[in-house]
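The structure file structure26.tsv is reproduced below (TSV, C-alpha atoms and all ligand atoms).
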```tsv
chain	number	residue	atom	x	y	z
A	1	MET	CA	-81.90	-32.56	-18.75
A	2	GLY	CA	-81.96	-35.20	-21.49
A	3	VAL	CA	-81.25	-38.86	-20.78
A	4	LEU	CA	-78.01	-38.68	-22.80
A	5	MET	CA	-76.68	-35.44	-21.29
A	6	GLY	CA	-72.87	-35.44	-21.19
A	7	ARG	CA	-72.53	-38.52	-23.41
A	8	VAL	CA	-70.47	-38.70	-26.61
A	9	ALA	CA	-72.06	-40.79	-29.36
A	10	LEU	CA	-71.15	-42.01	-32.84
A	11	VAL	CA	-74.03	-42.98	-35.12
A	12	THR	CA	-72.65	-44.60	-38.27
A	13	GLY	CA	-74.69	-44.02	-41.42
A	14	SER	CA	-76.39	-40.91	-40.04
A	15	SER	CA	-76.21	-38.86	-43.23
A	16	ARG	CA	-79.81	-39.93	-43.97
A	17	GLY	CA	-82.59	-42.32	-43.05
A	18	ILE	CA	-82.79	-44.06	-39.68
A	19	GLY	CA	-79.28	-42.98	-38.65
A	20	SER	CA	-80.11	-39.30	-39.21
A	21	ALA	CA	-83.16	-39.63	-36.94
A	22	ILE	CA	-81.09	-41.39	-34.25
A	23	ALA	CA	-78.36	-38.72	-34.34
A	24	THR	CA	-80.99	-35.96	-34.14
A	25	GLU	CA	-82.83	-37.62	-31.24
A	26	PHE	CA	-79.54	-38.28	-29.37
A	27	ALA	CA	-78.58	-34.60	-29.68
A	28	ALA	CA	-82.03	-33.55	-28.45
A	29	GLU	CA	-81.41	-35.78	-25.40
A	30	GLY	CA	-78.16	-33.95	-24.67
A	31	ALA	CA	-75.51	-36.13	-26.35
A	32	ALA	CA	-72.62	-34.67	-28.33
A	33	VAL	CA	-72.98	-36.55	-31.61
A	34	ALA	CA	-70.58	-37.58	-34.36
A	35	VAL	CA	-72.69	-37.64	-37.52
A	36	HIS	CA	-71.24	-40.08	-40.05
A	37	GLY	CA	-71.62	-40.94	-43.72
A	38	ARG	CA	-69.79	-41.16	-47.03
A	39	ASP	CA	-71.75	-38.39	-48.74
A	40	GLU	CA	-70.14	-35.21	-47.39
A	41	ALA	CA	-72.96	-32.83	-48.33
A	42	ALA	CA	-75.67	-35.04	-46.79
A	43	THR	CA	-73.63	-35.64	-43.63
A	44	ALA	CA	-72.86	-31.93	-43.22
A	45	ALA	CA	-76.56	-31.09	-43.65
A	46	VAL	CA	-77.52	-33.37	-40.73
A	47	ARG	CA	-74.73	-31.95	-38.57
A	48	ASP	CA	-75.79	-28.39	-39.40
A	49	ARG	CA	-79.45	-29.11	-38.58
A	50	ILE	CA	-78.47	-30.47	-35.17
A	51	ILE	CA	-76.31	-27.44	-34.40
A	52	ALA	CA	-79.04	-25.06	-35.61
A	53	ALA	CA	-81.44	-26.74	-33.16
A	54	GLY	CA	-79.01	-26.04	-30.29
A	55	GLY	CA	-77.28	-29.44	-30.21
A	56	ARG	CA	-73.61	-30.38	-30.33
A	57	ALA	CA	-72.37	-32.29	-33.39
A	58	VAL	CA	-69.34	-32.94	-35.56
A	59	MET	CA	-69.05	-34.70	-38.92
A	60	VAL	CA	-66.91	-37.77	-39.70
A	61	LEU	CA	-66.67	-39.37	-43.12
A	62	GLY	CA	-65.63	-42.68	-44.68
A	63	ASP	CA	-66.36	-46.29	-45.54
A	64	VAL	CA	-66.86	-48.32	-42.35
A	65	THR	CA	-65.91	-51.61	-43.99
A	66	SER	CA	-62.29	-50.37	-43.73
A	67	PRO	CA	-60.53	-50.78	-40.34
A	68	GLU	CA	-58.11	-47.92	-41.17
A	69	VAL	CA	-61.03	-45.58	-41.86
A	70	VAL	CA	-62.82	-46.46	-38.61
A	71	ASP	CA	-59.57	-45.98	-36.62
A	72	ARG	CA	-59.19	-42.54	-38.19
A	73	ILE	CA	-62.84	-41.67	-37.45
A	74	SER	CA	-62.42	-42.77	-33.82
A	75	THR	CA	-59.31	-40.58	-33.43
A	76	GLU	CA	-61.11	-37.58	-34.98
A	77	ILE	CA	-64.03	-37.98	-32.57
A	78	GLY	CA	-61.66	-38.36	-29.60
A	79	SER	CA	-59.98	-35.03	-30.48
A	80	ALA	CA	-63.23	-33.17	-31.19
A	81	LEU	CA	-65.59	-34.51	-28.51
A	82	GLY	CA	-63.69	-36.86	-26.19
A	83	PRO	CA	-63.99	-40.64	-25.70
A	84	LEU	CA	-67.09	-42.41	-27.00
A	85	ASP	CA	-69.78	-43.51	-24.55
A	86	VAL	CA	-72.27	-44.69	-27.16
A	87	LEU	CA	-71.90	-46.36	-30.56
A	88	VAL	CA	-74.79	-47.07	-32.89
A	89	ALA	CA	-73.47	-49.32	-35.68
A	90	ASN	CA	-76.30	-48.40	-38.03
A	91	ALA	CA	-74.54	-48.14	-41.41
A	92	GLY	CA	-75.74	-50.85	-43.73
A	93	GLY	CA	-78.44	-51.63	-46.20
A	94	ASN	CA	-79.68	-54.10	-48.69
A	95	PRO	CA	-77.70	-54.23	-51.93
A	96	THR	CA	-79.43	-57.39	-53.27
A	97	ARG	CA	-82.83	-58.32	-54.71
A	98	PRO	CA	-85.10	-61.12	-53.48
A	99	GLY	CA	-85.00	-64.40	-55.40
A	100	PRO	CA	-83.95	-68.02	-55.18
A	101	LEU	CA	-80.51	-68.71	-53.68
A	102	GLU	CA	-79.18	-70.25	-56.88
A	103	ARG	CA	-79.72	-66.97	-58.72
A	104	MET	CA	-77.57	-65.01	-56.28
A	105	SER	CA	-74.01	-64.36	-57.44
A	106	LEU	CA	-71.05	-64.62	-55.08
A	107	ASP	CA	-70.44	-60.88	-55.58
A	108	GLU	CA	-74.00	-60.08	-54.46
A	109	TRP	CA	-73.62	-62.34	-51.42
A	110	ARG	CA	-70.33	-60.69	-50.44
A	111	ALA	CA	-71.77	-57.20	-50.97
A	112	ALA	CA	-74.61	-57.86	-48.51
A	113	VAL	CA	-72.34	-59.46	-45.91
A	114	ASP	CA	-69.72	-56.70	-46.22
A	115	ALA	CA	-72.22	-53.82	-46.09
A	116	ASN	CA	-73.85	-55.16	-42.92
A	117	LEU	CA	-72.02	-57.84	-40.91
A	118	THR	CA	-68.45	-56.86	-41.83
A	119	ALA	CA	-69.14	-53.13	-41.38
A	120	THR	CA	-70.61	-53.82	-37.92
A	121	PHE	CA	-67.68	-56.05	-36.93
A	122	VAL	CA	-65.07	-53.54	-38.16
A	123	THR	CA	-66.77	-50.61	-36.39
A	124	ILE	CA	-67.17	-52.38	-33.06
A	125	ALA	CA	-63.65	-53.84	-33.18
A	126	ALA	CA	-62.21	-50.31	-33.36
A	127	ILE	CA	-64.43	-48.74	-30.68
A	128	LEU	CA	-64.91	-51.49	-28.08
A	129	PRO	CA	-61.35	-51.60	-26.64
A	130	GLY	CA	-61.60	-47.94	-25.49
A	131	MET	CA	-64.99	-48.55	-23.89
A	132	LYS	CA	-63.68	-51.61	-22.04
A	133	GLN	CA	-60.67	-49.66	-20.83
A	134	ARG	CA	-62.93	-46.93	-19.41
A	135	GLY	CA	-65.29	-49.56	-17.94
A	136	ARG	CA	-68.43	-48.18	-19.57
A	137	GLY	CA	-70.23	-47.96	-22.87
A	138	SER	CA	-73.37	-48.81	-24.79
A	139	ILE	CA	-73.37	-50.28	-28.27
A	140	VAL	CA	-76.48	-50.64	-30.43
A	141	THR	CA	-76.46	-52.69	-33.63
A	142	LEU	CA	-79.04	-52.82	-36.44
A	143	SER	CA	-80.65	-56.01	-37.66
A	144	SER	CA	-83.89	-56.25	-39.64
A	145	ALA	CA	-87.24	-58.02	-39.65
A	146	ALA	CA	-85.78	-59.74	-42.72
A	147	SER	CA	-83.79	-62.00	-40.39
A	148	ARG	CA	-86.35	-62.16	-37.57
A	149	ARG	CA	-89.04	-63.54	-39.84
A	150	PRO	CA	-87.42	-64.75	-43.07
A	151	THR	CA	-89.72	-64.68	-46.10
A	152	PRO	CA	-89.13	-65.17	-49.84
A	153	GLN	CA	-89.56	-61.38	-50.17
A	154	SER	CA	-86.37	-60.71	-48.20
A	155	PRO	CA	-83.06	-61.36	-49.97
A	156	VAL	CA	-81.32	-64.27	-48.29
A	157	ALA	CA	-77.86	-62.66	-48.19
A	158	TYR	CA	-79.22	-59.57	-46.39
A	159	ALA	CA	-81.26	-61.72	-43.98
A	160	ALA	CA	-78.24	-63.93	-43.23
A	161	ALA	CA	-75.95	-60.92	-42.71
A	162	LYS	CA	-78.45	-59.37	-40.27
A	163	ALA	CA	-78.84	-62.70	-38.44
A	164	GLY	CA	-75.05	-62.66	-38.08
A	165	ILE	CA	-75.28	-59.21	-36.48
A	166	GLU	CA	-77.78	-60.59	-33.95
A	167	VAL	CA	-75.39	-63.41	-32.98
A	168	LEU	CA	-72.48	-60.96	-32.82
A	169	THR	CA	-74.57	-58.74	-30.52
A	170	LYS	CA	-75.36	-61.56	-28.08
A	171	TRP	CA	-71.80	-62.85	-28.13
A	172	LEU	CA	-70.44	-59.38	-27.41
A	173	ALA	CA	-72.99	-58.77	-24.65
A	174	ALA	CA	-71.61	-61.80	-22.81
A	175	GLU	CA	-68.00	-60.96	-23.58
A	176	ALA	CA	-68.05	-57.21	-22.80
A	177	GLY	CA	-70.62	-57.13	-19.98
A	178	PRO	CA	-68.03	-57.78	-17.23
A	179	SER	CA	-66.16	-54.69	-18.53
A	180	GLY	CA	-69.26	-52.50	-18.12
A	181	VAL	CA	-70.20	-52.41	-21.80
A	182	ARG	CA	-73.77	-53.20	-22.89
A	183	VAL	CA	-74.53	-54.41	-26.42
A	184	ASN	CA	-78.06	-54.53	-27.82
A	185	CYS	CA	-79.68	-54.79	-31.24
A	186	ILE	CA	-82.69	-53.16	-32.90
A	187	ALA	CA	-84.53	-55.09	-35.62
A	188	PRO	CA	-86.84	-52.76	-37.59
A	189	GLU	CA	-89.61	-53.79	-39.99
A	190	THR	CA	-90.28	-51.51	-42.99
A	191	ILE	CA	-89.33	-47.95	-41.99
A	192	MET	CA	-90.44	-45.04	-44.12
A	193	THR	CA	-87.11	-43.37	-44.70
A	194	GLU	CA	-86.71	-40.84	-47.55
A	195	ARG	CA	-85.42	-43.72	-49.69
A	196	ASN	CA	-88.35	-46.06	-48.94
A	197	GLU	CA	-90.86	-43.21	-49.47
A	198	GLN	CA	-89.46	-42.88	-52.98
A	199	MET	CA	-89.01	-46.58	-53.74
A	200	ILE	CA	-92.22	-48.13	-52.35
A	201	PRO	CA	-95.37	-47.16	-54.32
A	202	ALA	CA	-98.22	-45.73	-52.21
A	203	GLU	CA	-100.53	-48.73	-52.82
A	204	VAL	CA	-97.79	-51.14	-51.73
A	205	GLN	CA	-97.18	-49.04	-48.60
A	206	GLU	CA	-100.89	-49.32	-47.79
A	207	ARG	CA	-100.91	-53.09	-48.38
A	208	LEU	CA	-97.80	-53.57	-46.23
A	209	ALA	CA	-99.28	-51.43	-43.45
A	210	GLN	CA	-102.28	-53.79	-43.29
A	211	THR	CA	-99.93	-56.73	-42.52
A	212	HIS	CA	-98.94	-55.01	-39.25
A	213	PRO	CA	-101.19	-55.42	-36.18
A	214	LEU	CA	-100.69	-51.68	-35.52
A	215	ARG	CA	-101.77	-50.94	-39.14
A	216	ARG	CA	-98.99	-48.57	-40.11
A	217	LEU	CA	-95.40	-48.71	-41.29
A	218	GLY	CA	-92.58	-47.48	-39.07
A	219	SER	CA	-91.00	-44.05	-38.95
A	220	PRO	CA	-87.30	-43.30	-38.41
A	221	GLN	CA	-88.37	-41.73	-35.09
A	222	ASP	CA	-89.85	-45.07	-33.95
A	223	VAL	CA	-86.35	-46.56	-34.27
A	224	ALA	CA	-84.62	-43.48	-32.83
A	225	ARG	CA	-86.66	-43.60	-29.62
A	226	ALA	CA	-85.69	-47.26	-29.12
A	227	ALA	CA	-82.03	-46.35	-29.68
A	228	VAL	CA	-82.24	-43.57	-27.07
A	229	TYR	CA	-83.62	-46.07	-24.54
A	230	LEU	CA	-80.95	-48.70	-25.22
A	231	ALA	CA	-78.13	-46.12	-25.23
A	232	SER	CA	-79.21	-44.48	-21.98
A	233	ASP	CA	-78.92	-45.51	-18.33
A	234	GLN	CA	-82.66	-46.25	-18.42
A	235	ALA	CA	-81.52	-49.56	-19.94
A	236	GLU	CA	-78.61	-50.05	-17.50
A	237	TRP	CA	-79.59	-53.68	-16.78
A	238	VAL	CA	-80.42	-54.54	-20.39
A	239	THR	CA	-77.88	-56.25	-22.61
A	240	GLY	CA	-77.89	-58.86	-25.37
A	241	ILE	CA	-81.47	-58.22	-26.51
A	242	ILE	CA	-82.91	-57.99	-30.02
A	243	LEU	CA	-85.64	-55.34	-29.88
A	244	ASP	CA	-88.22	-55.69	-32.68
A	245	ILE	CA	-89.45	-52.26	-33.79
A	246	ALA	CA	-92.06	-53.72	-36.04
A	247	GLY	CA	-95.61	-52.59	-35.25
A	248	GLY	CA	-96.33	-56.14	-34.13
A	249	ALA	CA	-95.37	-57.66	-37.48
A	250	VAL	CA	-92.71	-59.81	-35.81
A	251	LEU	CA	-94.12	-61.79	-32.91
A	252	LYS	CA	-91.75	-64.21	-31.20
B	301	LIG	N1	-85.34	-48.64	-43.71
B	301	LIG	C1	-85.77	-49.82	-43.34
B	301	LIG	O1	-86.93	-50.19	-43.63
B	301	LIG	C2	-84.90	-50.76	-42.56
B	301	LIG	C3	-85.50	-51.93	-42.04
B	301	LIG	C4	-84.70	-52.81	-41.31
B	301	LIG	C5	-83.37	-52.54	-41.09
B	301	LIG	N2	-82.81	-51.39	-41.61
B	301	LIG	C6	-81.39	-51.15	-41.33
B	301	LIG	O2	-81.24	-49.89	-40.72
B	301	LIG	C7	-80.00	-49.30	-41.10
B	301	LIG	C8	-80.26	-47.93	-41.73
B	301	LIG	O3	-81.10	-48.12	-42.85
B	301	LIG	P1	-81.74	-46.91	-43.67
B	301	LIG	O4	-82.94	-47.44	-44.33
B	301	LIG	O5	-81.80	-45.69	-42.85
B	301	LIG	O6	-80.60	-46.74	-44.82
B	301	LIG	P2	-80.29	-45.55	-45.85
B	301	LIG	O7	-81.36	-44.51	-45.83
B	301	LIG	O8	-79.94	-46.21	-47.12
B	301	LIG	O9	-78.95	-44.93	-45.22
B	301	LIG	C9	-77.84	-45.74	-45.05
B	301	LIG	C10	-76.77	-44.99	-44.29
B	301	LIG	O10	-75.64	-45.84	-44.10
B	301	LIG	C11	-74.48	-45.26	-44.70
B	301	LIG	N3	-73.64	-46.36	-45.18
B	301	LIG	C12	-74.04	-47.51	-45.79
B	301	LIG	N4	-72.97	-48.28	-46.03
B	301	LIG	C13	-71.87	-47.61	-45.58
B	301	LIG	C14	-70.48	-47.87	-45.55
B	301	LIG	N5	-69.96	-49.01	-46.02
B	301	LIG	N6	-69.66	-46.96	-44.99
B	301	LIG	C15	-70.16	-45.81	-44.51
B	301	LIG	N7	-71.46	-45.49	-44.51
B	301	LIG	C16	-72.30	-46.38	-45.04
B	301	LIG	C17	-75.01	-44.32	-45.75
B	301	LIG	O11	-74.03	-43.31	-46.00
B	301	LIG	P3	-74.02	-42.39	-47.33
B	301	LIG	O12	-75.40	-42.38	-47.89
B	301	LIG	O13	-73.56	-41.05	-46.83
B	301	LIG	O14	-73.04	-43.03	-48.26
B	301	LIG	C18	-76.26	-43.78	-45.07
B	301	LIG	O15	-75.92	-42.78	-44.13
B	301	LIG	C19	-79.35	-50.29	-42.04
B	301	LIG	O16	-78.45	-51.11	-41.31
B	301	LIG	C20	-80.51	-51.11	-42.56
B	301	LIG	O17	-80.13	-52.39	-42.99
B	301	LIG	C21	-83.55	-50.51	-42.34
```
Please express what this file holds, its structure, as structure tokens.
Amino acid sequence: MGVLMGRVALVTGSSRGIGSAIATEFAAEGAAVAVHGRDEAATAAVRDRIIAAGGRAVMVLGDVTSPEVVDRISTEIGSALGPLDVLVANAGGNPTRPGPLERMSLDEWRAAVDANLTATFVTIAAILPGMKQRGRGSIVTLSSAASRRPTPQSPVAYAAAKAGIEVLTKWLAAEAGPSGVRVNCIAPETIMTERNEQMIPAEVQERLAQTHPLRRLGSPQDVARAAVYLASDQAEWVTGIILDIAGGAVLK
């Protein structure tokens, strides 16, 4: 019996990277999982892998910055799997480059805020009312070490958007707790997703690893295991926390 047996979960942005690992780990723990992305082929591949491993999964597609799209996704999941018990608002990413504030265009700023803070707000706004009505639910949001420990190497718009997600998480924990809904946040340091494996040269990976007390970079599974804990009843008295999955690189 897995710790998520009988639960229905949506993991946004699970067509690849961290989200894919979370969806896979949730299914292994017994959850029925809605795998989500915009890239249909990549999303279907994750769904098919979960089913091939004996798990239960469906695919939902679309841009989560659009309230209409998230409403449609929520309805599709309700018909296919039943009401959602768990939401991981993972979709996001960093569309900007590091550099001084005055070199950032308004379009770049808006892109980072939309891709992260707005997407998280829109997703939770569509899913939370059903959870409150049923008197139970667990929501996990995704921040980043970029906002936990701001440095000139992290783009300010991304860091600010992720800091906004942390405040949103705490605010919602207080607001939705009396309705039986827990809301927590995971803040990863550098995680070696497929994308980061390709983008970060090996010597830079090695140098970055040495800045972590645990002397390695993170894996998507490191984040997935934290998400399983926060989503499950093992964390039934935990809400409003920011959990640094950072190999000790963020100490506060
Ligand atoms: N990797 C890291 O080192 C790291 C560190 C700290 C925080 N994080 C955070 O962790 C989360 C996952 O990151 P990752 O590295 O796994 O990213 P990734 O490999 O780039 O994957 C991003 C996922 O989000 C989806 N997505 C992005 N924007 C979307 C939108 N507007 N609508 C629908 N889907 C959208 C993508 O869908 P499609 O590809 O199908 O379009 C994809 O499934 C992000 O919130 C990121 O900021 C990552």
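Closest to ligand LIG 301 (chain B) among A:Ala202, A:Val122, A:Leu230, A:Val3 is A:Val122, based on only C-alpha atoms and all ligand atoms.
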List as a Markdown table every residue of chain A that is in contact with ligand LIG 301 (chain B), defined as an atom at most 7 Å from one of its atoms (using all atoms listed in the file), together with the nearest atom pair and the distance in Å rounded to one decimal, sorted by chain and then rising number.
```
| residue | atom | partner | partner_atom | distance |
| --- | --- | --- | --- | --- |
| A:Thr12 | CA | B:LIG301 | N7 | 6.4 |
| A:Gly13 | CA | B:LIG301 | O15 | 3.2 |
| A:Ser14 | CA | B:LIG301 | O15 | 4.5 |
| A:Ser15 | CA | B:LIG301 | O15 | 4.0 |
| A:Arg16 | CA | B:LIG301 | O15 | 4.8 |
| A:Gly17 | CA | B:LIG301 | O5 | 3.5 |
| A:Ile18 | CA | B:LIG301 | O5 | 3.7 |
| A:Gly19 | CA | B:LIG301 | O5 | 5.6 |
| A:His36 | CA | B:LIG301 | O15 | 6.8 |
| A:Gly37 | CA | B:LIG301 | O13 | 3.7 |
| A:Arg38 | CA | B:LIG301 | O13 | 3.8 |
| A:Asp39 | CA | B:LIG301 | O13 | 3.7 |
| A:Glu40 | CA | B:LIG301 | O13 | 6.8 |
| A:Ala42 | CA | B:LIG301 | O13 | 6.4 |
| A:Thr43 | CA | B:LIG301 | O13 | 6.3 |
| A:Gly62 | CA | B:LIG301 | C15 | 5.5 |
| A:Asp63 | CA | B:LIG301 | N6 | 3.4 |
| A:Val64 | CA | B:LIG301 | N6 | 4.1 |
| A:Thr65 | CA | B:LIG301 | N5 | 5.2 |
| A:Asn90 | CA | B:LIG301 | O16 | 4.8 |
| A:Ala91 | CA | B:LIG301 | O10 | 3.7 |
| A:Gly92 | CA | B:LIG301 | O16 | 3.6 |
| A:Gly93 | CA | B:LIG301 | O17 | 3.7 |
| A:Asn94 | CA | B:LIG301 | O17 | 6.0 |
| A:Ala115 | CA | B:LIG301 | N5 | 5.3 |
| A:Asn116 | CA | B:LIG301 | O16 | 6.3 |
| A:Ala119 | CA | B:LIG301 | N5 | 6.3 |
| A:Leu142 | CA | B:LIG301 | O16 | 5.2 |
| A:Ser143 | CA | B:LIG301 | C5 | 5.6 |
| A:Ser144 | CA | B:LIG301 | C4 | 3.9 |
| A:Ala145 | CA | B:LIG301 | C4 | 6.0 |
| A:Ala187 | CA | B:LIG301 | C4 | 6.1 |
| A:Pro188 | CA | B:LIG301 | C4 | 4.3 |
| A:Glu189 | CA | B:LIG301 | C3 | 5.0 |
| A:Thr190 | CA | B:LIG301 | O1 | 3.7 |
| A:Ile191 | CA | B:LIG301 | O1 | 3.7 |
| A:Met192 | CA | B:LIG301 | O1 | 6.3 |
| A:Thr193 | CA | B:LIG301 | N1 | 5.6 |
| A:Glu194 | CA | B:LIG301 | O7 | 6.7 |
| A:Arg195 | CA | B:LIG301 | O7 | 5.7 |
| A:Asn196 | CA | B:LIG301 | N1 | 6.6 |
```
Go through A:Ile242, A:Leu214, A:Ala224, A:Ala235 one by one, measure the shortest atom-to-atom distance of each to Gly137 (chain A) using all atoms listed in the file, and give the residue with the smallest value.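 Using all atoms listed in the file, the shortest distance to Gly137 (chain A) belongs to A:Ala235.
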Proximity to Pro155 (chain A) - best of A:Ala44, A:Ala89, A:Met104, A:Ile50, only C-alpha atoms: A:Met104
Smallest atom-to-atom distance to Ser154 (chain A): which of A:Met131, A:Asp107, A:Val167, A:Pro100, using only C-alpha atoms?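 Closest to Ser154 (chain A) of all the choices is A:Pro100.
If you look at CA of Ile186 (chain A) and CA of Pro129 (chain A), they are 22.3 Å away from each other.
With CA of Ala112 (chain A) on one side and CA of Val69 (chain A) on the other, the separation reads 19.5 Å.
The closest residue to Pro98 (chain A), picked from A:Leu217, A:Val156, A:Val8, A:Leu172 and counting all atoms listed in the file, is A:Val156.
Distance-wise, CA of Ala227 (chain A) and CA of Ser66 (chain A) end up 24.6 Å apart.
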Near-Val140 (chain A) list (6 Å; only C-alpha atoms; drop same-chain fewer than 6 positions) as a count of residues only: 4
Residue nearest Gly130 (chain A) among A:Asp85, A:Glu206, A:Asp244, A:Glu175 (counting all atoms listed in the file):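 Under the stated criterion, the closest residue is A:Asp85.
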Would you kindly return, as a VMD selection string, each protein, DNA or RNA residue with an atom no farther than 10 Å from any atom of Glu25 (chain A), considering all atoms listed in the file and excluding same-chain residues fewer than 3 positions away? chain A and resid 4 19 to 22 28 to 31 33 50 55 221 224 to 225 227 to 228
